[in-house]
Structures are given as C-alpha cells and as structure tokens.
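Student: Following this line is target23.cif, made up of mmCIF, C-alpha atoms:
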```cif
data_run
#
loop_
_atom_site.label_atom_id
_atom_site.label_comp_id
_atom_site.auth_asym_id
_atom_site.auth_seq_id
_atom_site.Cartn_x
_atom_site.Cartn_y
_atom_site.Cartn_z
CA MET A 1 -22.53 -16.55 -6.10
CA ILE A 2 -19.11 -16.73 -7.71
CA GLN A 3 -16.79 -14.77 -5.50
CA ILE A 4 -13.35 -14.10 -6.92
CA ILE A 5 -10.13 -12.90 -5.32
CA ILE A 6 -8.46 -9.94 -7.04
CA SER A 7 -4.88 -8.89 -6.34
CA TYR A 8 -3.56 -5.39 -6.90
CA LYS A 9 -0.21 -3.84 -6.10
CA SER A 10 0.39 -0.34 -4.83
CA ILE A 11 1.69 2.04 -7.51
CA GLY A 12 2.82 4.76 -5.12
CA ILE A 13 2.43 6.35 -1.71
CA ILE A 14 0.38 9.36 -0.63
CA HIS A 15 2.12 11.77 1.73
CA SER A 16 0.12 14.23 3.82
CA PRO A 17 0.31 16.21 7.04
CA HIS A 18 -2.34 13.89 8.55
CA LYS A 19 -0.23 11.49 10.59
CA THR A 20 -3.03 9.62 12.37
CA LEU A 21 -6.57 8.60 11.45
CA LYS A 22 -7.85 10.67 14.33
CA GLY A 23 -7.99 14.28 13.19
CA THR A 24 -7.81 13.56 9.46
CA PRO A 25 -10.43 15.59 7.55
CA ILE A 26 -13.14 13.31 6.25
CA GLN A 27 -13.40 14.64 2.70
CA PRO A 28 -11.45 17.05 0.47
CA LYS A 29 -13.98 19.78 1.28
CA ALA A 30 -13.05 19.46 4.97
CA ALA A 31 -9.37 19.62 3.98
CA LYS A 32 -9.53 22.87 2.06
CA ASP A 33 -6.09 24.07 0.89
CA ILE A 34 -4.22 21.38 2.82
CA GLU A 35 -1.29 20.27 0.69
CA GLY A 36 0.21 16.85 0.19
CA THR A 37 2.15 14.86 -2.37
CA VAL A 38 1.50 11.73 -4.35
CA GLU A 39 4.66 9.72 -4.97
CA VAL A 40 4.34 7.48 -8.02
CA PHE A 41 6.81 4.59 -8.14
CA SER A 42 9.35 5.05 -10.95
CA GLU A 43 8.13 2.09 -13.00
CA PHE A 44 4.76 3.83 -13.50
CA VAL A 45 5.96 7.40 -14.20
CA LYS A 46 5.45 7.08 -17.95
CA GLY A 47 1.72 6.78 -17.21
CA LEU A 48 1.64 10.40 -15.98
CA LYS A 49 2.11 11.85 -19.49
CA ASP A 50 -0.34 14.72 -20.10
CA ILE A 51 -1.88 14.57 -16.63
CA GLU A 52 -0.70 18.14 -16.03
CA GLY A 53 -3.53 19.40 -18.24
CA PHE A 54 -6.09 18.34 -15.64
CA SER A 55 -6.89 20.60 -12.69
CA HIS A 56 -8.27 17.75 -10.59
CA ILE A 57 -7.45 14.07 -10.28
CA ILE A 58 -9.24 11.14 -8.68
CA LEU A 59 -7.04 9.20 -6.28
CA LEU A 60 -7.94 5.59 -5.52
CA TYR A 61 -6.16 4.21 -2.49
CA HIS A 62 -6.14 1.45 0.09
CA PHE A 63 -7.37 2.28 3.60
CA HIS A 64 -4.37 0.50 5.08
CA LEU A 65 -4.93 1.42 8.73
CA VAL A 66 -8.43 -0.03 8.93
CA LYS A 67 -8.41 -3.67 9.94
CA ASN A 68 -12.11 -4.38 10.50
CA THR A 69 -15.08 -4.68 8.18
CA THR A 70 -18.50 -3.52 9.31
CA LEU A 71 -21.66 -3.67 7.23
CA LEU A 72 -23.49 -1.19 9.47
CA ALA A 73 -21.70 1.81 10.91
CA LYS A 74 -22.22 5.28 12.29
CA PRO A 75 -20.65 7.72 9.85
CA PHE A 76 -18.76 10.75 11.14
CA MET A 77 -21.65 13.08 10.37
CA ASP A 78 -24.51 11.15 11.98
CA ASN A 79 -25.42 9.31 15.17
CA GLU A 80 -27.49 6.70 13.35
CA LYS A 81 -26.12 3.53 11.82
CA HIS A 82 -26.32 3.16 8.06
CA GLY A 83 -25.23 0.45 5.63
CA ILE A 84 -21.56 0.70 4.71
CA PHE A 85 -22.55 1.19 1.03
CA ALA A 86 -24.66 4.23 2.02
CA ILE A 87 -21.72 5.91 3.78
CA ARG A 88 -18.14 6.69 2.83
CA GLY A 89 -16.39 5.35 5.94
CA PRO A 90 -13.31 3.14 5.46
CA SER A 91 -14.28 -0.13 7.16
CA ARG A 92 -15.70 -1.53 3.90
CA PRO A 93 -15.58 -5.14 2.63
CA ASN A 94 -12.98 -3.86 0.15
CA PRO A 95 -11.37 -0.84 1.84
CA ILE A 96 -10.83 1.30 -1.25
CA GLY A 97 -10.98 5.07 -0.82
CA ILE A 98 -11.54 7.71 -3.48
CA SER A 99 -10.81 11.43 -3.25
CA VAL A 100 -10.94 14.12 -5.91
CA VAL A 101 -8.04 16.51 -5.22
CA ARG A 102 -6.64 19.57 -6.96
CA LEU A 103 -3.44 18.94 -8.92
CA ASN A 104 -1.04 21.87 -8.55
CA GLU A 105 2.38 20.84 -9.88
CA ILE A 106 4.37 17.83 -10.97
CA TYR A 107 8.10 17.26 -10.42
CA GLY A 108 9.17 13.95 -11.93
CA ASN A 109 7.30 11.27 -10.04
CA ILE A 110 5.87 13.61 -7.39
CA LEU A 111 2.42 15.19 -7.80
CA HIS A 112 1.72 18.19 -5.58
CA VAL A 113 -1.93 18.16 -4.65
CA GLN A 114 -4.29 20.23 -2.53
CA ASP A 115 -7.42 19.54 -0.42
CA ILE A 116 -5.97 16.25 0.73
CA ASP A 117 -8.11 14.23 3.16
CA ILE A 118 -5.90 11.14 3.18
CA VAL A 119 -3.74 9.88 6.03
CA ASP A 120 0.04 9.93 5.52
CA LYS A 121 1.69 6.89 3.89
CA THR A 122 -1.50 5.56 2.33
CA PRO A 123 -0.84 3.09 -0.53
CA LEU A 124 -1.94 4.44 -3.92
CA LEU A 125 -3.91 2.16 -6.27
CA ASP A 126 -4.78 4.36 -9.23
CA ILE A 127 -4.98 7.92 -10.53
CA LYS A 128 -7.70 8.99 -12.97
CA PRO A 129 -8.35 12.40 -14.52
CA TYR A 130 -11.45 14.08 -13.07
CA VAL A 131 -13.80 14.94 -15.93
CA PRO A 132 -17.08 16.69 -15.09
CA GLU A 133 -18.73 15.25 -18.19
CA PHE A 134 -18.02 11.77 -16.80
CA ASP A 135 -18.26 12.29 -13.05
CA LYS A 136 -20.57 15.19 -12.26
CA LYS A 137 -24.27 14.48 -11.84
CA ILE A 138 -27.19 16.85 -11.53
CA ASP A 139 -30.61 16.40 -9.96
CA VAL A 140 -29.12 14.47 -7.06
CA ARG A 141 -30.68 13.21 -3.81
CA ILE A 142 -28.34 12.35 -0.93
CA GLY A 143 -30.56 10.45 1.49
CA TRP A 144 -29.62 10.57 5.19
CA LEU A 145 -26.94 13.15 4.41
CA GLU A 146 -29.43 15.84 3.35
CA LYS A 147 -29.85 17.02 6.94
CA LYS A 148 -26.23 16.41 8.00
CA ILE A 149 -24.16 17.81 5.16
CA TYR A 150 -23.87 21.20 6.86
CA LYS A 151 -21.41 19.56 9.26
CA LEU A 152 -18.95 18.72 6.49
CA PRO A 153 -16.48 21.64 6.53
CA LYS A 154 -15.56 20.93 10.15
CA SER A 155 -15.79 17.15 10.15
CA LYS A 156 -12.71 15.22 11.19
CA ASN A 157 -12.03 11.56 11.71
CA ASP A 158 -12.43 10.71 15.40
CA GLY A 159 -10.72 7.34 15.09
CA ARG A 160 -13.92 5.30 15.22
CA PHE A 161 -13.00 3.08 12.24
CA ARG A 162 -10.08 0.75 13.03
CA MET B 163 9.80 2.11 -3.00
CA ILE B 164 7.79 -0.21 -0.83
CA GLN B 165 5.33 -1.93 -3.11
CA ILE B 166 2.65 -3.94 -1.38
CA ILE B 167 0.21 -6.54 -2.65
CA ILE B 168 -3.44 -5.95 -1.75
CA SER B 169 -6.13 -8.61 -2.09
CA TYR B 170 -9.80 -7.86 -2.49
CA LYS B 171 -12.74 -10.13 -3.12
CA SER B 172 -15.70 -9.40 -5.36
CA ILE B 173 -18.85 -8.44 -3.44
CA GLY B 174 -21.24 -8.90 -6.36
CA ILE B 175 -21.69 -8.97 -10.11
CA ILE B 176 -22.83 -6.24 -12.49
CA HIS B 177 -25.32 -7.31 -15.15
CA SER B 178 -25.85 -5.22 -18.28
CA PRO B 179 -26.96 -5.51 -21.89
CA HIS B 180 -23.33 -4.96 -22.99
CA LYS B 181 -22.15 -8.49 -23.68
CA THR B 182 -18.77 -7.70 -25.21
CA LEU B 183 -16.16 -4.97 -24.68
CA LYS B 184 -16.63 -3.92 -28.28
CA GLY B 185 -19.71 -1.73 -28.45
CA THR B 186 -19.91 -0.95 -24.74
CA PRO B 187 -20.49 2.77 -24.14
CA ILE B 188 -17.38 4.35 -22.67
CA GLN B 189 -18.99 6.39 -19.89
CA PRO B 190 -22.44 6.67 -18.27
CA LYS B 191 -23.13 9.74 -20.41
CA ALA B 192 -22.69 7.61 -23.53
CA ALA B 193 -25.02 5.00 -21.99
CA LYS B 194 -27.94 7.31 -21.34
CA ASP B 195 -31.01 5.46 -20.02
CA ILE B 196 -29.49 2.01 -20.56
CA GLU B 197 -30.57 -0.18 -17.66
CA GLY B 198 -28.70 -2.85 -15.78
CA THR B 199 -28.63 -4.51 -12.39
CA VAL B 200 -26.08 -4.79 -9.65
CA GLU B 201 -26.29 -8.11 -7.81
CA VAL B 202 -24.84 -7.87 -4.30
CA PHE B 203 -23.85 -11.22 -2.76
CA SER B 204 -26.13 -12.13 0.15
CA GLU B 205 -23.44 -11.83 2.81
CA PHE B 206 -23.11 -8.10 2.05
CA VAL B 207 -26.80 -7.17 1.73
CA LYS B 208 -26.96 -5.65 5.20
CA GLY B 209 -24.53 -2.99 3.94
CA LEU B 210 -27.22 -1.65 1.57
CA LYS B 211 -29.33 -0.18 4.40
CA ASP B 212 -30.45 3.41 3.55
CA ILE B 213 -28.83 3.42 0.12
CA GLU B 214 -32.29 3.94 -1.42
CA GLY B 215 -32.15 7.58 -0.33
CA PHE B 216 -29.42 8.30 -2.85
CA SER B 217 -30.28 9.02 -6.46
CA HIS B 218 -26.78 8.11 -7.72
CA ILE B 219 -24.19 5.60 -6.61
CA ILE B 220 -20.52 5.15 -7.44
CA LEU B 221 -19.69 1.64 -8.60
CA LEU B 222 -16.11 0.43 -8.26
CA TYR B 223 -15.40 -2.69 -10.26
CA HIS B 224 -12.68 -4.88 -11.72
CA PHE B 225 -12.02 -4.65 -15.47
CA HIS B 226 -11.95 -8.45 -15.68
CA LEU B 227 -11.71 -8.78 -19.46
CA VAL B 228 -8.58 -6.67 -19.80
CA LYS B 229 -5.42 -8.74 -19.53
CA ASN B 230 -2.72 -6.23 -20.50
CA THR B 231 -1.29 -3.17 -18.80
CA THR B 232 -0.16 -0.22 -20.87
CA LEU B 233 1.32 3.00 -19.49
CA LEU B 234 0.71 4.91 -22.73
CA ALA B 235 -2.44 4.37 -24.73
CA LYS B 236 -4.75 5.97 -27.26
CA PRO B 237 -8.06 6.65 -25.54
CA PHE B 238 -11.33 6.11 -27.39
CA MET B 239 -11.79 9.82 -28.00
CA ASP B 240 -8.35 10.70 -29.37
CA ASN B 241 -5.77 9.51 -31.88
CA GLU B 242 -2.83 10.58 -29.70
CA LYS B 243 -1.28 8.49 -26.97
CA HIS B 244 -1.58 9.74 -23.40
CA GLY B 245 -0.40 8.40 -20.06
CA ILE B 246 -2.78 5.82 -18.60
CA PHE B 247 -3.31 8.10 -15.57
CA ALA B 248 -4.47 10.91 -17.89
CA ILE B 249 -7.12 8.72 -19.53
CA ARG B 250 -9.89 6.46 -18.24
CA GLY B 251 -9.18 3.38 -20.34
CA PRO B 252 -9.14 -0.02 -18.59
CA SER B 253 -5.61 -1.34 -19.23
CA ARG B 254 -4.31 0.25 -16.02
CA PRO B 255 -1.66 -1.12 -13.63
CA ASN B 256 -4.60 -1.81 -11.27
CA PRO B 257 -7.61 -2.27 -13.55
CA ILE B 258 -10.24 -0.67 -11.31
CA GLY B 259 -13.15 1.09 -13.00
CA ILE B 260 -15.50 3.67 -11.52
CA SER B 261 -18.89 4.74 -12.84
CA VAL B 262 -21.51 7.01 -11.32
CA VAL B 263 -24.92 5.55 -12.22
CA ARG B 264 -28.49 6.40 -11.37
CA LEU B 265 -30.12 4.16 -8.76
CA ASN B 266 -33.74 3.45 -9.64
CA GLU B 267 -35.02 0.64 -7.42
CA ILE B 268 -33.85 -2.04 -5.04
CA TYR B 269 -35.33 -5.54 -4.65
CA GLY B 270 -33.51 -7.46 -1.96
CA ASN B 271 -29.93 -7.83 -3.16
CA ILE B 272 -30.58 -6.45 -6.66
CA LEU B 273 -30.04 -2.76 -7.45
CA HIS B 274 -31.69 -1.53 -10.62
CA VAL B 275 -29.50 1.14 -12.17
CA GLN B 276 -29.51 3.32 -15.24
CA ASP B 277 -26.85 4.85 -17.54
CA ILE B 278 -24.73 1.74 -17.25
CA ASP B 279 -21.46 1.71 -19.20
CA ILE B 280 -20.14 -1.55 -17.77
CA VAL B 281 -19.77 -4.86 -19.57
CA ASP B 282 -21.98 -7.75 -18.43
CA LYS B 283 -20.70 -10.00 -15.59
CA THR B 284 -18.14 -7.49 -14.31
CA PRO B 285 -17.04 -8.24 -10.71
CA LEU B 286 -18.16 -5.56 -8.24
CA LEU B 287 -15.66 -4.24 -5.67
CA ASP B 288 -17.53 -1.49 -3.83
CA ILE B 289 -20.57 0.78 -3.86
CA LYS B 290 -20.41 4.32 -2.48
CA PRO B 291 -23.11 6.97 -2.32
CA TYR B 292 -22.53 9.82 -4.79
CA VAL B 293 -22.48 13.10 -2.88
CA PRO B 294 -21.95 16.31 -4.85
CA GLU B 295 -20.45 18.02 -1.80
CA PHE B 296 -17.73 15.35 -1.80
CA ASP B 297 -17.34 14.54 -5.46
CA LYS B 298 -18.31 17.51 -7.61
CA LYS B 299 -15.63 20.05 -8.45
CA ILE B 300 -15.91 23.45 -10.06
CA ASP B 301 -13.37 25.51 -12.00
CA VAL B 302 -12.07 22.41 -13.76
CA ARG B 303 -9.58 22.00 -16.63
CA ILE B 304 -9.63 18.72 -18.57
CA GLY B 305 -6.40 18.84 -20.58
CA TRP B 306 -6.34 16.89 -23.85
CA LEU B 307 -10.06 16.17 -23.49
CA GLU B 308 -11.10 19.84 -23.89
CA LYS B 309 -11.15 19.50 -27.67
CA LYS B 310 -12.44 15.92 -27.78
CA ILE B 311 -15.24 15.83 -25.24
CA TYR B 312 -17.86 16.63 -27.88
CA LYS B 313 -17.41 13.05 -29.09
CA LEU B 314 -18.59 11.56 -25.79
CA PRO B 315 -22.31 10.91 -26.35
CA LYS B 316 -21.56 8.62 -29.29
CA SER B 317 -18.35 7.02 -28.06
CA LYS B 318 -18.27 3.25 -27.81
CA ASN B 319 -15.56 0.77 -26.92
CA ASP B 320 -13.96 -0.53 -30.13
CA GLY B 321 -12.22 -3.40 -28.39
CA ARG B 322 -8.76 -1.81 -28.43
CA PHE B 323 -7.99 -2.60 -24.76
CA ARG B 324 -7.57 -6.34 -24.17
#
```
Let's see the structure in the file written out as structure tokens.

Tutor:
Amino acid sequence: MIQIIISYKSIGIIHSPHKTLKGTPIQPKAAKDIEGTVEVFSEFVKGLKDIEGFSHIILLYHFHLVKNTTLLAKPFMDNEKHGIFAIRGPSRPNPIGISVVRLNEIYGNILHVQDIDIVDKTPLLDIKPYVPEFDKKIDVRIGWLEKKIYKLPKSKNDGRFR
Amino acid sequence: MIQIIISYKSIGIIHSPHKTLKGTPIQPKAAKDIEGTVEVFSEFVKGLKDIEGFSHIILLYHFHLVKNTTLLAKPFMDNEKHGIFAIRGPSRPNPIGISVVRLNEIYGNILHVQDIDIVDKTPLLDIKPYVPEFDKKIDVRIGWLEKKIYKLPKSKNDGRFR
C-alpha cells in the first residue's frame, strides 16, 4: 500500500438556498427547479470558454460541513447500513461530492444553475461538461436502491452525516 | 474570494493495461471491454459492503501524470481550443478524473472492472455507485462536441497533456 496525500484548492463557491445540511435535497432529482449559482474565482474564468453550449454540467465539490468518516452508514433512503462506497452520503474517506445540474445562464464568473442539491457556500473543486456518450450507461443494476428509489423525489438530508 | 486548500489521501490504486498516457482510450466508451482492477487499501475494504449489487461504479481519481494546468486547451476530439471546464482533459486546476465503469466481480479488496480508460497505477480517490436516477440526464445539449462525438470510439490519448 502506497498511500499518497493530494492537495487541491477550491476554484469557486456554490451558492444555494439550502442554508443547512438538514433539509437539503439529497440529489438533483429531489431538488427539481431549485436555482443556485456557481461562483468561479476570477483567476479561473478563462476556463469557462464554450461551456455555455452544454445544457448540463457536472459539479465536483468538497463536503465541507462533514467532519467524520464512516465506512458503514445508513443512507437517507434506507434503514440498513451499507458500505460508504455503495451509497452517496457525504461522510466518505475523501468527502468529494458530484452533482449533475442544469446550466441556465452565465454572467461573467457566475453560472446560474438549476436542480441544485448542494448546501450553500460549498467549496467548488471542478466543473466538467456532462456528455451522455461519456456518462450515461444502459442496462444498469442499482443493488439495494432498487426497492428504495421511489423515495427519491421527496428525500431530504436529515442531518445524520456530520 | 476565499480560496481554501483541501487535502485528500488516496484510498487505492487503479491497475489497467494502459501503461502510458499516450494510447490510453479517452473515455470508457473508447475502452470497450478492456479490463482492469481497482485495488482498495485494506483499511477501506469495509466500505465496499453491498457494492456488488451495482452494475456500474463511478471512479474518482487523481490524474497523477499530469503536471501542468491549462485553462484553455485543445481536447483530443477537436482542433479548436476550449475552456478546461468545457472539456474533459486532465490538465485541470484540480486534476480529478471521473469514469463510469462496469463492475464485474469482487475478490476481497480487488474490484474487477471493464471499459477502463484510466492509466495504470492511478491513485484512487473515491468510488460511488452509478445510479441513473441520480446521474442520467435527458434533453441534453453538448456544445462543441455535437459535431465531434462521432470520433469517440476510436479516440486515444496522444500524450498532449503533461
């Protein structure tokens, strides 16, 4: 085992109406039409060139409010514990979140996005264009979630991950 | 602007037949059926519980061979420069890669995966279950890629990002 330390720096801040973990929708689908903004720090603005052609972007961000790591946890949509790599909860060894959101408009360094399931003031790590030919899979099995996914549209964070 | 430094540690290593950047397929779709393994360090193995129920997993990893950051770059499938946030190339301010791969089998701390577009010995940051209800979008526009995406199945890394 050769474990290495990797340092990143935030490239922006995500702003949303979700001011606390508790009550934040747990995925973009549970945050339908909710609007937010992605502020990209000025030194990185040049990197946004041509992003306006994409209807959806992948946001990578740091779950900054979560202080603990758990390898087994109860996800929001189940009462059973699963491995952290089989759920999407934030208390991961490396607390990186990803969300695919709709990109509506861009004004300078501010991206207006929709379906935002991210808590206000979250540090941004990266933005990637969402490309179905890269990211969309067919013939998919979703394990423990098969029988729980119906709960998604109304699922909110209850503050269990800290 | 409040830029913060974030430190992560690798949780495993990705093994693949792609020994150099040059020649590595640029997305899972260009790596069809190519097999590799994801070695998860023993201290994190408990986090794999129930992952076998998922047919596809999202790998997050560190582009460890890329030393330079560029905000404008020519992607592999175009001769025009685009902003780094409008392409998927590795020379990003935070060089984090994501790939959705097929999960075939698990033996202890080794995940056998397929469609692997990742260079050998890449440090692993996170594994998430791929869930279409979370990650799959419809009604998508893909900007500059619309006219270039036909090149994908045969696209390989030519070593331009270092």

Student: Could you list the residues chosen by the PyMOL selection byres ((chain A and resi 2-13) around 8) in this structure as a ChimeraX atom specification?

Tutor: /A:1,14-15,38-41,44,121-126 /B:163,165-174,255-256,285

Student: To one decimal in Å, tell me the separation between atom CA of B:Tyr312 and atom CA of B:Met239.

Tutor: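 Calculated distance between atom CA of B:Tyr312 and atom CA of B:Met239 is 9.1 Å.
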
Student: Give the residues of chain B that lie within 7 Å of chain A; count only C-alpha atoms, and format the answer as an MDAnalysis selection string.

Tutor: chainID B and resid 163 165:173 189:191 203 206 208:213 215:218 233:234 244:250 256 262 287:291 293 296:298 302:306

Student: Residues of the last selection are to be written out with C-alpha atoms, as a compact mmCIF listing (two decimals), keeping the file's coordinate frame.

Tutor:
```txt
# COMPACT_ATOMS: atom_id res chain seq x y z
CA MET B 163 9.80 2.11 -3.00
CA GLN B 165 5.33 -1.93 -3.11
CA ILE B 166 2.65 -3.94 -1.38
CA ILE B 167 0.21 -6.54 -2.65
CA ILE B 168 -3.44 -5.95 -1.75
CA SER B 169 -6.13 -8.61 -2.09
CA TYR B 170 -9.80 -7.86 -2.49
CA LYS B 171 -12.74 -10.13 -3.12
CA SER B 172 -15.70 -9.40 -5.36
CA ILE B 173 -18.85 -8.44 -3.44
CA GLN B 189 -18.99 6.39 -19.89
CA PRO B 190 -22.44 6.67 -18.27
CA LYS B 191 -23.13 9.74 -20.41
CA PHE B 203 -23.85 -11.22 -2.76
CA PHE B 206 -23.11 -8.10 2.05
CA LYS B 208 -26.96 -5.65 5.20
CA GLY B 209 -24.53 -2.99 3.94
CA LEU B 210 -27.22 -1.65 1.57
CA LYS B 211 -29.33 -0.18 4.40
CA ASP B 212 -30.45 3.41 3.55
CA ILE B 213 -28.83 3.42 0.12
CA GLY B 215 -32.15 7.58 -0.33
CA PHE B 216 -29.42 8.30 -2.85
CA SER B 217 -30.28 9.02 -6.46
CA HIS B 218 -26.78 8.11 -7.72
CA LEU B 233 1.32 3.00 -19.49
CA LEU B 234 0.71 4.91 -22.73
CA HIS B 244 -1.58 9.74 -23.40
CA GLY B 245 -0.40 8.40 -20.06
CA ILE B 246 -2.78 5.82 -18.60
CA PHE B 247 -3.31 8.10 -15.57
CA ALA B 248 -4.47 10.91 -17.89
CA ILE B 249 -7.12 8.72 -19.53
CA ARG B 250 -9.89 6.46 -18.24
CA ASN B 256 -4.60 -1.81 -11.27
CA VAL B 262 -21.51 7.01 -11.32
CA LEU B 287 -15.66 -4.24 -5.67
CA ASP B 288 -17.53 -1.49 -3.83
CA ILE B 289 -20.57 0.78 -3.86
CA LYS B 290 -20.41 4.32 -2.48
CA PRO B 291 -23.11 6.97 -2.32
CA VAL B 293 -22.48 13.10 -2.88
CA PHE B 296 -17.73 15.35 -1.80
CA ASP B 297 -17.34 14.54 -5.46
CA LYS B 298 -18.31 17.51 -7.61
CA VAL B 302 -12.07 22.41 -13.76
CA ARG B 303 -9.58 22.00 -16.63
CA ILE B 304 -9.63 18.72 -18.57
CA GLY B 305 -6.40 18.84 -20.58
CA TRP B 306 -6.34 16.89 -23.85
```

Student: Tell me which protein, DNA and RNA residues are within 9 Å of B:Arg324, counting only C-alpha atoms, leaving out same-chain ones fewer than 4 positions away, and put them as a PyMOL selection string.

Tutor: chain B and resi 183+227-231+252-253

Student: Any idea what the distance is between atom CA of B:Ala193 and atom CA of B:Lys309?

Tutor: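 Atom-to-atom, atom CA of B:Ala193 and atom CA of B:Lys309 are spaced 20.9 Å apart.
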
Student: Calculate how many Å separate atom CA of B:Lys313 from atom CA of B:Lys184, rounding to one decimal.

Tutor: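 One can read the atom CA of B:Lys313 to atom CA of B:Lys184 distance as 17.0 Å.
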
Student: Run the PyMOL selection byres ((chain A and resi 18) around 10) on the file and write out the hits as a list in words.

Tutor: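 Matching residues under the PyMOL selection byres ((chain A and resi 18) around 10) are His15, Ser16, Pro17, Lys19, Thr20, Leu21, Lys22, Gly23, Thr24, Pro25, Ile34, Gly36, Ile116, Asp117, Ile118, Val119, Asp120 and Lys121 of chain A.
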
Student: What would the selection look like, as a VMD selection string, if the PyMOL selection byres ((chain B and resi 273) around 6) were run on the coordinates I just shared?

Tutor: chain B and resid 199 to 200 268 272 274
